[in-house]
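Have a look at protein_15.pdb; it's PDB, C-alpha atoms:
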ATOM      1  CA  MET A   1     120.050 -23.245 176.497
ATOM      2  CA  ASN A   2     121.940 -23.114 173.179
ATOM      3  CA  THR A   3     118.654 -23.145 171.212
ATOM      4  CA  LYS A   4     117.211 -20.411 173.435
ATOM      5  CA  PHE A   5     120.289 -18.223 172.889
ATOM      6  CA  SER A   6     120.112 -18.780 169.113
ATOM      7  CA  LEU A   7     116.438 -17.750 169.068
ATOM      8  CA  ILE A   8     117.210 -14.548 170.992
ATOM      9  CA  VAL A   9     120.048 -13.649 168.609
ATOM     10  CA  LEU A  10     117.826 -14.392 165.604
ATOM     11  CA  ALA A  11     115.024 -12.231 167.042
ATOM     12  CA  LEU A  12     117.463  -9.345 167.616
ATOM     13  CA  LEU A  13     118.815  -9.635 164.073
ATOM     14  CA  VAL A  14     115.301  -9.640 162.592
ATOM     15  CA  PHE A  15     114.398  -6.604 164.729
ATOM     16  CA  ALA A  16     117.571  -4.727 163.678
ATOM     17  CA  LEU A  17     116.974  -5.533 160.008
ATOM     18  CA  GLY A  18     113.361  -4.343 160.261
ATOM     19  CA  TRP A  19     114.352  -1.142 162.013
ATOM     20  CA  THR A  20     117.086  -0.338 159.474
ATOM     21  CA  THR A  21     114.722  -1.022 156.580
ATOM     22  CA  GLY A  22     112.106   1.247 158.162
ATOM     23  CA  LEU A  23     114.613   4.071 158.540
ATOM     24  CA  MET A  24     115.680   3.734 154.925
ATOM     25  CA  VAL A  25     112.104   3.728 153.643
ATOM     26  CA  THR A  26     111.217   6.874 155.574
ATOM     27  CA  GLY A  27     114.339   8.649 154.356
ATOM     28  CA  LEU A  28     115.986   8.969 157.764
ATOM     29  CA  VAL A  29     119.126   7.193 156.609
ATOM     30  CA  THR A  30     120.887   9.036 153.793
ATOM     31  CA  ASP A  31     123.905   8.367 151.663
ATOM     32  CA  LEU A  32     126.935   9.690 153.535
ATOM     33  CA  SER A  33     128.345  11.051 150.278
ATOM     34  CA  SER A  34     125.361  13.434 149.964
ATOM     35  CA  GLN A  35     126.902  15.649 152.687
ATOM     36  CA  GLY A  36     123.631  16.766 154.215
ATOM     37  CA  ALA A  37     121.543  16.825 151.045
ATOM     38  CA  GLU A  38     117.903  15.944 151.532
ATOM     39  CA  SER A  39     116.727  12.622 150.127
ATOM     40  CA  PRO A  40     113.143  12.918 148.927
ATOM     41  CA  VAL A  41     111.255   9.643 148.831
ATOM     42  CA  SER A  42     107.787   8.716 147.673
ATOM     43  CA  LEU A  43     106.323   5.740 149.481
ATOM     44  CA  HIS A  44     103.965   5.214 146.524
ATOM     45  CA  ASN A  45     106.883   5.072 144.096
ATOM     46  CA  LEU A  46     108.820   2.536 146.150
ATOM     47  CA  LYS A  47     106.306  -0.005 144.886
ATOM     48  CA  ASN A  48     105.681   1.377 141.392
ATOM     49  CA  GLY A  49     109.054   2.904 140.530
ATOM     50  CA  ASN A  50     109.942   6.578 140.203
ATOM     51  CA  VAL A  51     109.184   8.407 136.986
ATOM     52  CA  GLU A  52     111.978  10.716 135.844
ATOM     53  CA  ARG A  53     110.701  14.151 134.867
ATOM     54  CA  PHE A  54     112.678  16.980 133.346
ATOM     55  CA  SER A  55     113.730  19.530 135.943
ATOM     56  CA  PRO A  56     115.324  22.947 135.516
ATOM     57  CA  SER A  57     119.049  22.872 134.825
ATOM     58  CA  ASP A  58     121.521  24.301 137.322
ATOM     59  CA  PHE A  59     122.261  27.949 136.535
ATOM     60  CA  VAL A  60     123.508  28.855 140.021
ATOM     61  CA  ALA A  61     126.670  27.128 141.211
ATOM     62  CA  GLU A  62     126.990  26.166 144.861
ATOM     63  CA  ASP A  63     129.841  28.657 145.339
ATOM     64  CA  GLN A  64     127.446  31.471 144.325
ATOM     65  CA  ILE A  65     125.239  30.757 147.350
ATOM     66  CA  HIS A  66     126.509  32.222 150.619
ATOM     67  CA  VAL A  67     124.662  31.233 153.802
ATOM     68  CA  TYR A  68     125.279  33.321 156.917
ATOM     69  CA  ASP A  69     123.685  33.223 160.367
ATOM     70  CA  ASP A  70     121.507  36.258 159.607
ATOM     71  CA  ARG A  71     121.038  36.184 155.800
ATOM     72  CA  ILE A  72     121.545  34.349 152.539
ATOM     73  CA  VAL A  73     123.374  36.052 149.669
ATOM     74  CA  LEU A  74     123.077  34.886 146.080
ATOM     75  CA  ASP A  75     125.987  36.054 143.937
ATOM     76  CA  ILE A  76     124.170  36.089 140.583
ATOM     77  CA  GLU A  77     125.184  38.649 137.962
ATOM     78  CA  ASP A  78     122.446  40.504 136.069
ATOM     79  CA  ALA A  79     119.683  38.816 138.060
ATOM     80  CA  ARG A  80     116.245  40.342 138.049
ATOM     81  CA  TRP A  81     113.151  39.871 140.157
ATOM     82  CA  ALA A  82     110.084  38.211 138.662
ATOM     83  CA  LYS A  83     106.526  38.195 139.933
ATOM     84  CA  PHE A  84     103.690  36.049 138.679
ATOM     85  CA  THR A  85     100.038  36.621 137.846
ATOM     86  CA  ASN A  86      97.293  34.253 138.923
ATOM     87  CA  THR A  87      96.790  32.175 135.755
ATOM     88  CA  ASN A  88      97.244  28.768 137.454
ATOM     89  CA  SER A  89      99.205  27.528 134.418
ATOM     90  CA  MET A  90     102.303  26.724 136.497
ATOM     91  CA  ASP A  91     100.545  25.311 139.583
ATOM     92  CA  PRO A  92     101.817  23.777 141.795
ATOM     93  CA  PHE A  93     105.379  24.865 140.874
ATOM     94  CA  PHE A  94     104.569  28.511 141.598
ATOM     95  CA  ASP A  95     101.589  30.814 141.871
ATOM     96  CA  THR A  96     100.837  34.445 142.496
ATOM     97  CA  GLY A  97     102.690  35.694 145.560
ATOM     98  CA  ALA A  98     105.854  33.702 144.896
ATOM     99  CA  ASN A  99     109.027  35.626 144.102
ATOM    100  CA  GLY A 100     111.217  34.558 141.216
ATOM    101  CA  ILE A 101     114.793  35.256 140.202
ATOM    102  CA  GLU A 102     115.626  35.284 136.487
ATOM    103  CA  VAL A 103     118.782  35.733 134.455
ATOM    104  CA  ALA A 104     119.281  36.483 130.785
ATOM    105  CA  VAL A 105     120.613  33.817 128.431
ATOM    106  CA  THR A 106     122.958  34.568 125.561
ATOM    107  CA  SER A 107     122.497  31.477 123.391
ATOM    108  CA  PRO A 108     120.017  28.649 122.857
ATOM    109  CA  GLY A 109     122.720  26.201 123.948
ATOM    110  CA  GLN A 110     122.332  27.393 127.544
ATOM    111  CA  LEU A 111     118.740  26.145 127.670
ATOM    112  CA  HIS A 112     117.580  22.612 128.413
ATOM    113  CA  VAL A 113     114.302  20.758 128.453
ATOM    114  CA  GLY A 114     112.895  21.377 131.931
ATOM    115  CA  ASP A 115     114.064  24.992 132.216
ATOM    116  CA  VAL A 116     111.381  27.590 132.915
ATOM    117  CA  ILE A 117     111.626  30.632 130.640
ATOM    118  CA  SER A 118     109.846  33.957 130.379
ATOM    119  CA  PHE A 119     109.014  35.056 126.861
ATOM    120  CA  THR A 120     106.775  37.209 124.716
ATOM    121  CA  VAL A 121     104.541  36.027 121.920
ATOM    122  CA  GLU A 122     104.439  37.867 118.596
ATOM    123  CA  GLY A 123     101.591  40.371 118.595
ATOM    124  CA  SER A 124     101.400  40.667 122.387
ATOM    125  CA  ASP A 125     103.331  42.626 124.981
ATOM    126  CA  ARG A 126     102.438  40.159 127.770
ATOM    127  CA  VAL A 127     105.307  38.182 129.234
ATOM    128  CA  LEU A 128     104.524  34.493 129.699
ATOM    129  CA  ILE A 129     106.485  32.005 131.795
ATOM    130  CA  HIS A 130     106.339  28.272 131.070
ATOM    131  CA  ARG A 131     108.569  25.199 131.094
ATOM    132  CA  ILE A 132     110.533  24.099 128.017
ATOM    133  CA  VAL A 133     109.295  20.670 126.898
ATOM    134  CA  GLY A 134     111.149  20.451 123.588
ATOM    135  CA  PHE A 135     113.264  22.137 120.926
ATOM    136  CA  GLY A 136     113.244  22.201 117.178
ATOM    137  CA  TYR A 137     114.507  23.861 114.028
ATOM    138  CA  ASP A 138     112.530  25.033 111.031
ATOM    139  CA  GLU A 139     113.038  27.449 108.126
ATOM    140  CA  GLU A 140     113.161  30.333 110.640
ATOM    141  CA  GLY A 141     115.747  28.607 112.851
ATOM    142  CA  TRP A 142     115.768  27.464 116.468
ATOM    143  CA  PHE A 143     112.637  27.377 118.608
ATOM    144  CA  ALA A 144     111.466  26.056 121.966
ATOM    145  CA  ILE A 145     108.193  24.316 122.694
ATOM    146  CA  THR A 146     106.779  25.363 126.064
ATOM    147  CA  LYS A 147     103.993  24.207 128.326
ATOM    148  CA  GLY A 148     102.505  25.348 131.603
ATOM    149  CA  ASP A 149     102.908  22.586 134.191
ATOM    150  CA  ASN A 150      99.171  22.675 134.901
ATOM    151  CA  ASN A 151      98.103  22.914 131.243
ATOM    152  CA  PRO A 152      96.988  19.766 129.401
ATOM    153  CA  GLN A 153      98.796  20.575 126.131
ATOM    154  CA  PRO A 154     101.948  22.420 125.012
ATOM    155  CA  ASP A 155     101.578  26.062 124.038
ATOM    156  CA  PRO A 156     100.439  26.573 120.421
ATOM    157  CA  VAL A 157     103.409  28.814 119.558
ATOM    158  CA  LYS A 158     107.072  28.311 118.731
ATOM    159  CA  VAL A 159     109.177  30.418 121.084
ATOM    160  CA  ARG A 160     112.095  31.951 119.180
ATOM    161  CA  PHE A 161     115.322  32.791 120.988
ATOM    162  CA  GLY A 162     114.777  36.528 120.446
ATOM    163  CA  ASP A 163     111.444  36.297 122.288
ATOM    164  CA  ILE A 164     113.021  34.897 125.470
ATOM    165  CA  LYS A 165     113.389  37.435 128.279
ATOM    166  CA  GLY A 166     115.059  35.190 130.838
ATOM    167  CA  VAL A 167     115.334  31.816 132.520
ATOM    168  CA  LEU A 168     114.047  31.232 136.035
ATOM    169  CA  VAL A 169     116.893  30.291 138.385
ATOM    170  CA  GLY A 170     115.091  30.472 141.693
ATOM    171  CA  ILE A 171     111.739  30.745 143.404
ATOM    172  CA  ILE A 172     111.238  32.022 146.914
ATOM    173  CA  TYR A 173     107.857  31.155 148.372
TER     174      TYR A 173
END
Could I get this file's structure written as structure tokens?
Amino acid sequence: MNTKFSLIVLALLVFALGWTTGLMVTGLVTDLSSQGAESPVSLHNLKNGNVERFSPSDFVAEDQIHVYDDRIVLDIEDARWAKFTNTNSMDPFFDTGANGIEVAVTSPGQLHVGDVISFTVEGSDRVLIHRIVGFGYDEEGWFAITKGDNNPQPDPVKVRFGDIKGVLVGIIY
């Protein structure tokens, strides 16, 4: 009887451990300190390890986002609406039909690798929007290197601070 009881307890422990592990792998169990934040998980990357990629920096503080039962209000000064043409350069991050929110920046120090900026290129009045992948300085001063997420190579131009129209702080699909 003692051996039978031990086997039942062992089976229950193995079952509970398996269930808990399954919940953690599928993201159903989250860190209690996240206070409701979603925990994205890639089952492929559990085996191979996650690759850190540069993401946009946080321009909108949590206290600037007001969620009500019937609406959401973003308290962002000098924000402007952005729309996108169908070039596919920023797929899958955004495409034509998405709505963007941009703000102006006042110094290069506000920008980080991973931010998405709108800018003009010398000799053109078109406004482009790509992700910052690097910074540099040369005889003309500060510049950003940009790249469309779906493009194989960085853009062939140095984006000067004066050419930047804004930084993307939100996308609404």
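The set of residues that the PyMOL selection byres ((chain A and resi 104) around 10) takes from this file is Glu77, Asp78, Ala79, Arg80, Glu102, Val103, Val105, Thr106, Ser107, Ile117, Ser118, Ile164, Lys165, Gly166, Val167 and Leu168 of chain A.
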Note to self: the PyMOL selection byres ((chain A and resi 157) around 10) - which residues does that actually catch in the file I just gave you? List them as a list in words.
What the structure shows: Val121, Glu122, Phe143, Ala144, Ile145, Thr146, Lys147, Pro154, Asp155, Pro156, Lys158, Val159 and Arg160 of chain A
Margin query: From the options A:Val73, A:Gly162, A:Phe84, A:Ala16, which residue's atoms come nearest to Trp142 (chain A), counting only C-alpha atoms?
Written below: A:Gly162
Next item on the list: Using only C-alpha atoms, pick whichever of A:Val51, A:Ile101, A:Val127, A:Ile172 has the shortest atom-to-atom distance to Asp75 (chain A).
Entry: A:Ile101
Note to self: Quick check, in Å to one decimal: how far apart do CA of Val133 (chain A) and CA of Ser89 (chain A) lie?
What the structure shows: 14.3 Å
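Near region 64-66 of chain A, within a cut-off of 12 Å and counting only C-alpha atoms, sit the residues Asp58, Phe59, Val60, Asp70, Arg71, Ile72, Val73, Leu74, Asp75, Ile76, Glu77 and Gly170 of chain A, with same-chain residues fewer than 4 positions away left out.
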Notebook entry, point to check: So how many Å separate CA of Glu140 (chain A) and CA of Val169 (chain A), to one decimal?
Noted result: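 Result for CA of Glu140 (chain A) versus CA of Val169 (chain A): 28.0 Å, one decimal.
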